[in-house]
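Asker: Got work.txt for you, compact mmCIF, C-alpha atoms:
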```txt
# COMPACT_ATOMS: atom_id res chain seq x y z
CA MET A 1 -13.50 -21.71 -6.85
CA ALA A 2 -9.80 -20.96 -7.19
CA LYS A 3 -8.13 -18.54 -4.81
CA ILE A 4 -5.06 -16.35 -5.05
CA HIS A 5 -2.29 -17.30 -2.63
CA CYS A 6 -0.79 -13.98 -1.43
CA ARG A 7 2.47 -13.24 0.30
CA ILE A 8 3.13 -9.67 1.44
CA ILE A 9 6.82 -9.12 2.14
CA THR A 10 8.56 -6.08 3.64
CA PRO A 11 12.35 -5.60 3.91
CA GLN A 12 12.07 -6.74 7.54
CA LYS A 13 9.87 -9.85 7.28
CA LEU A 14 7.00 -11.76 5.77
CA TYR A 15 4.15 -9.46 6.81
CA ARG A 16 1.24 -11.72 5.93
CA GLU A 17 0.36 -14.83 3.93
CA PHE A 18 -3.25 -15.66 3.01
CA ASP A 19 -5.62 -16.78 0.26
CA SER A 20 -7.88 -14.21 -1.41
CA ASP A 21 -10.76 -14.20 -3.86
CA ILE A 22 -9.63 -10.90 -5.45
CA LEU A 23 -6.85 -8.34 -5.07
CA THR A 24 -7.03 -4.67 -5.96
CA ILE A 25 -3.72 -2.88 -6.39
CA GLU A 26 -2.66 0.64 -7.37
CA THR A 27 0.10 0.58 -9.98
CA THR A 28 2.00 3.17 -11.96
CA GLU A 29 -0.53 2.46 -14.74
CA GLY A 30 -3.63 2.83 -12.55
CA GLN A 31 -5.80 0.61 -10.40
CA ARG A 32 -5.93 -3.10 -11.28
CA GLY A 33 -8.22 -5.87 -10.11
CA ILE A 34 -6.68 -9.33 -10.01
CA LEU A 35 -8.92 -12.40 -10.05
CA PRO A 36 -7.85 -16.06 -9.91
CA ASN A 37 -6.39 -17.32 -13.20
CA HIS A 38 -5.34 -13.79 -14.25
CA MET A 39 -2.53 -13.73 -16.81
CA PRO A 40 1.00 -13.41 -15.39
CA LEU A 41 1.74 -9.86 -14.33
CA VAL A 42 4.61 -7.80 -12.99
CA ALA A 43 3.71 -4.27 -11.89
CA SER A 44 5.24 -1.36 -9.99
CA LEU A 45 3.09 -0.29 -7.05
CA VAL A 46 2.65 3.33 -6.00
CA ILE A 47 1.85 4.90 -2.65
CA GLY A 48 -1.74 3.77 -2.36
CA LYS A 49 -4.19 1.14 -1.25
CA LEU A 50 -4.04 -2.63 -1.51
CA SER A 51 -7.25 -4.51 -0.85
CA SER A 52 -8.19 -8.16 -0.74
CA VAL A 53 -11.36 -10.13 -0.15
CA LEU A 54 -11.16 -13.01 2.31
CA ASP A 55 -14.29 -15.09 2.86
CA GLY A 56 -16.46 -12.18 1.72
CA GLU A 57 -14.71 -9.66 3.99
CA ARG A 58 -12.69 -6.82 2.43
CA GLU A 59 -9.33 -6.03 4.02
CA GLU A 60 -7.54 -2.81 3.18
CA TYR A 61 -3.94 -1.76 3.57
CA ALA A 62 -1.94 1.44 3.08
CA ILE A 63 1.28 0.72 1.18
CA THR A 64 4.24 2.89 0.29
CA GLY A 65 4.91 1.44 -3.14
CA GLY A 66 6.77 -1.63 -4.24
CA LEU A 67 6.47 -4.51 -6.71
CA PHE A 68 3.69 -6.95 -7.53
CA TYR A 69 4.32 -10.35 -9.11
CA PHE A 70 1.50 -12.67 -10.16
CA ARG A 71 1.70 -16.09 -11.78
CA GLU A 72 -0.31 -19.31 -11.47
CA ASN A 73 -2.60 -17.88 -8.76
CA LYS A 74 0.36 -16.83 -6.59
CA ALA A 75 0.88 -13.17 -5.76
CA GLU A 76 4.10 -11.84 -4.27
CA ILE A 77 3.69 -8.28 -3.03
CA LEU A 78 6.98 -6.62 -2.11
CA VAL A 79 6.50 -3.34 -0.27
CA ASP A 80 8.70 -0.91 1.63
CA ALA A 81 6.04 -0.49 4.34
CA ILE A 82 2.46 -1.61 4.90
CA GLU A 83 -0.24 -1.04 7.50
CA SER A 84 -3.67 -2.59 7.65
CA LYS A 85 -6.61 -0.25 8.13
CA GLU A 86 -6.77 -1.34 11.79
CA GLU A 87 -3.05 -0.75 12.40
CA ILE A 88 -3.05 2.87 11.23
CA ASP A 89 -2.65 5.40 14.04
CA LEU A 90 -4.81 8.23 12.69
CA ALA A 91 -3.44 10.85 15.11
CA ARG A 92 0.13 9.99 14.09
CA ALA A 93 -0.81 10.17 10.40
CA GLU A 94 -2.41 13.60 10.92
CA GLN A 95 0.76 14.83 12.68
CA ALA A 96 2.92 13.55 9.81
CA LYS A 97 0.62 15.32 7.32
CA ASN A 98 0.88 18.61 9.24
CA ARG A 99 4.70 18.36 9.47
CA ALA A 100 5.00 17.66 5.74
CA GLU A 101 2.67 20.52 4.81
CA GLU A 102 4.63 22.91 7.00
CA ARG A 103 7.92 21.88 5.38
CA ILE A 104 6.45 22.33 1.90
CA GLN A 105 5.02 25.78 2.72
CA HIS A 106 8.25 27.15 4.21
CA LYS A 107 10.53 26.03 1.34
CA ARG A 108 13.74 26.53 3.28
CA GLU A 109 17.04 25.54 1.66
CA ASP A 110 17.75 22.94 4.34
CA ILE A 111 14.45 21.13 3.59
CA ASP A 112 14.37 18.42 0.93
CA LEU A 113 11.16 19.40 -0.89
CA ARG A 114 10.80 16.09 -2.75
CA ARG A 115 11.12 14.14 0.49
CA ALA A 116 8.47 16.35 2.14
CA GLU A 117 6.11 15.78 -0.80
CA VAL A 118 6.52 11.99 -0.52
CA ALA A 119 5.94 12.18 3.24
CA LEU A 120 2.73 14.14 2.57
CA LYS A 121 1.52 11.53 0.04
CA LYS A 122 2.19 8.73 2.51
CA ALA A 123 0.37 10.52 5.34
CA LEU A 124 -2.63 11.37 3.15
CA ASN A 125 -2.80 7.76 1.96
CA ARG A 126 -2.77 6.42 5.53
CA ILE A 127 -5.54 8.87 6.48
CA ARG A 128 -7.60 7.87 3.43
CA VAL A 129 -7.27 4.13 4.09
CA SER A 130 -8.03 4.50 7.81
CA LYS A 131 -11.34 6.19 6.99
CA LEU A 132 -12.58 3.61 4.44
```
Can you turn what I pasted into structure tokens?
Answerer:
Amino acid sequence: MAKIHCRIITPQKLYREFDSDILTIETTEGQRGILPNHMPLVASLVIGKLSSVLDGEREEYAITGGLFYFRENKAEILVDAIESKEEIDLARAEQAKNRAEERIQHKREDIDLRRAEVALKKALNRIRVSKL
């Protein structure tokens, strides 16, 4: 059976390269499942989960958004940041969540509310993925 050749790239480096049976991504238009021989696709990714299946084992990642390109069973996943489920430091994610919530509640003029809301989404996503 055909596989999808995946490359996950961050601004710093090639994070990971592997072959997968299926990819699940969260886009601006909702969750999408990508199987081998899927039609070409370009999609914007949101703060969410990326999952793949390798030899029957599901791997899950927390991503902070980015771009997804698919063509001829090759997926290029460009993300600002990514952590596998195993790499997530749950205590650090909880601290980030608490800091963001505090900033949102206090609504001081020197606090960028939009930035605090994004930080909260990222922290909640990391917590969610770590507990899957």
Asker: Select, from A:Ala43, A:Ile25, A:Leu120, A:Ala2, the residue with the minimum atom-to-atom distance to Ile63 in chain A, counting all atoms listed in the file.
Answerer: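 Ranked by minimum distance to Ile63 in chain A, first place goes to A:Ile25.
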Asker: Figure out the distance between CA of Lys131 in chain A and CA of Leu23 in chain A, please, to one decimal in Å.
Answerer: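 Computing the Euclidean distance for CA of Leu23 in chain A and CA of Lys131 in chain A yields 19.4 Å.
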Asker: Considering only C-alpha atoms, state which residue in the set A:Leu132, A:Ile88, A:Leu124, A:Leu14 is at the smallest distance from Ile47 in chain A.
Answerer: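 Under the stated criterion, the closest residue is A:Leu124.
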Asker: Would you pick out the contacts of range 4-8 of chain A at 12 Å or less, using all atoms listed in the file, so that residues sharing its chain but fewer than 6 positions from it are not included, and give the list as number ranges by chain?
Answerer: A: 14-24, 34-38, 50-54, 61, 63, 66-84
Asker: A:Lys85, A:Asn98, A:Ala93, A:Leu45: which is nearest Ala62 in chain A, counting only C-alpha atoms?
Answerer: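 Closest residue, counting only C-alpha atoms: A:Lys85.
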Asker: Would you compute the distance between CA of Lys13 in chain A and CA of Arg115 in chain A? Give it in Å to one decimal.
Answerer: 25.0 Å
Asker: Centre and edge lengths, as AutoDock Vina command-line options, for the axis-aligned box enclosing every listed atom of range 69-74 of chain A with 6 Å of padding on each of the six sides, in Å to one decimal?
Answerer:
```
--center_x 0.9 --center_y -14.8 --center_z -9.2 --size_x 18.9 --size_y 21.0 --size_z 17.2
```
Asker: Which value, in Å to one decimal, gives the distance between CA of Val129 in chain A and CA of Leu90 in chain A?
Answerer: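 Separating CA of Val129 in chain A from CA of Leu90 in chain A is a distance of 9.8 Å.
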Asker: Given the choices A:Ser130, A:Asp55, A:Lys97, A:Ala119, which gets closest to Met1 in chain A if the distance is worked out from all atoms listed in the file?
Answerer: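 Looking at the shortest contact to Met1 in chain A, the residue is A:Asp55.
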Asker: List as a VMD selection string the protein and nucleic acid residues near Thr27 in chain A, meaning an atom at most 6 Å away when all atoms listed in the file are counted, but skip any in the same chain fewer than 4 places from it.
Answerer: chain A and resid 31 44 to 46
Asker: Keeping only C-alpha atoms, write the selected residues as an mmCIF file, in the coordinates of the input.
Answerer:
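This is the output file again-v4.cif:
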```cif
data_model
loop_
_atom_site.group_PDB
_atom_site.id
_atom_site.type_symbol
_atom_site.label_atom_id
_atom_site.label_comp_id
_atom_site.auth_asym_id
_atom_site.auth_seq_id
_atom_site.Cartn_x
_atom_site.Cartn_y
_atom_site.Cartn_z
ATOM 1 C CA GLN A 31 -5.800 0.610 -10.400
ATOM 2 C CA SER A 44 5.240 -1.360 -9.990
ATOM 3 C CA LEU A 45 3.090 -0.290 -7.050
ATOM 4 C CA VAL A 46 2.650 3.330 -6.000
#
```
Asker: I need the residue nearest Asn125 in chain A from this list: A:Glu57, A:Glu29, A:Asp112, A:Glu94. Use only C-alpha atoms for the distance.
Answerer: A:Glu94
Asker: Nearest to Val118 in chain A among A:Gly33, A:Pro40, A:Gly65, A:Gly56, with distances taken over only C-alpha atoms: which residue is it?
Answerer: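 Selected residue with least distance to Val118 in chain A: A:Gly65.
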Asker: Reconstruct N, CA and C atoms of range 109-125 of chain A from the incomplete input and present them as an mmCIF file, in the frame of the given file.
Answerer:
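Dumped everything to result_31.cif:
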```
data_model
loop_
_atom_site.group_PDB
_atom_site.id
_atom_site.type_symbol
_atom_site.label_atom_id
_atom_site.label_comp_id
_atom_site.auth_asym_id
_atom_site.auth_seq_id
_atom_site.Cartn_x
_atom_site.Cartn_y
_atom_site.Cartn_z
ATOM 1 N N GLU A 109 15.976 26.239 2.397
ATOM 2 C CA GLU A 109 17.040 25.540 1.660
ATOM 3 C C GLU A 109 17.449 24.238 2.326
ATOM 4 N N ASP A 110 17.329 24.157 3.646
ATOM 5 C CA ASP A 110 17.750 22.940 4.340
ATOM 6 C C ASP A 110 16.669 21.850 4.334
ATOM 7 N N ILE A 111 15.545 22.097 3.674
ATOM 8 C CA ILE A 111 14.450 21.130 3.590
ATOM 9 C C ILE A 111 14.473 20.478 2.199
ATOM 10 N N ASP A 112 14.458 19.159 2.183
ATOM 11 C CA ASP A 112 14.370 18.420 0.930
ATOM 12 C C ASP A 112 12.899 18.398 0.513
ATOM 13 N N LEU A 113 12.554 19.233 -0.467
ATOM 14 C CA LEU A 113 11.160 19.400 -0.890
ATOM 15 C C LEU A 113 10.570 18.093 -1.411
ATOM 16 N N ARG A 114 11.301 17.362 -2.197
ATOM 17 C CA ARG A 114 10.800 16.090 -2.750
ATOM 18 C C ARG A 114 10.467 15.109 -1.617
ATOM 19 N N ARG A 115 11.340 15.037 -0.645
ATOM 20 C CA ARG A 115 11.120 14.140 0.490
ATOM 21 C C ARG A 115 9.870 14.555 1.275
ATOM 22 N N ALA A 116 9.657 15.851 1.438
ATOM 23 C CA ALA A 116 8.470 16.350 2.140
ATOM 24 C C ALA A 116 7.208 16.017 1.355
ATOM 25 N N GLU A 117 7.272 16.110 0.022
ATOM 26 C CA GLU A 117 6.110 15.780 -0.800
ATOM 27 C C GLU A 117 5.756 14.297 -0.702
ATOM 28 N N VAL A 118 6.766 13.430 -0.675
ATOM 29 C CA VAL A 118 6.520 11.990 -0.520
ATOM 30 C C VAL A 118 5.938 11.710 0.864
ATOM 31 N N ALA A 119 6.464 12.358 1.888
ATOM 32 C CA ALA A 119 5.940 12.180 3.240
ATOM 33 C C ALA A 119 4.463 12.605 3.303
ATOM 34 N N LEU A 120 4.122 13.683 2.603
ATOM 35 C CA LEU A 120 2.730 14.140 2.570
ATOM 36 C C LEU A 120 1.842 13.108 1.873
ATOM 37 N N LYS A 121 2.292 12.565 0.749
ATOM 38 C CA LYS A 121 1.520 11.530 0.040
ATOM 39 C C LYS A 121 1.279 10.318 0.921
ATOM 40 N N LYS A 122 2.314 9.890 1.627
ATOM 41 C CA LYS A 122 2.190 8.730 2.510
ATOM 42 C C LYS A 122 1.184 9.001 3.633
ATOM 43 N N ALA A 123 1.280 10.168 4.239
ATOM 44 C CA ALA A 123 0.370 10.520 5.340
ATOM 45 C C ALA A 123 -1.068 10.600 4.844
ATOM 46 N N LEU A 124 -1.277 11.260 3.702
ATOM 47 C CA LEU A 124 -2.630 11.370 3.150
ATOM 48 C C LEU A 124 -3.199 9.997 2.793
ATOM 49 N N ASN A 125 -2.360 9.104 2.291
ATOM 50 C CA ASN A 125 -2.800 7.760 1.960
ATOM 51 C C ASN A 125 -3.221 7.005 3.216
#
```
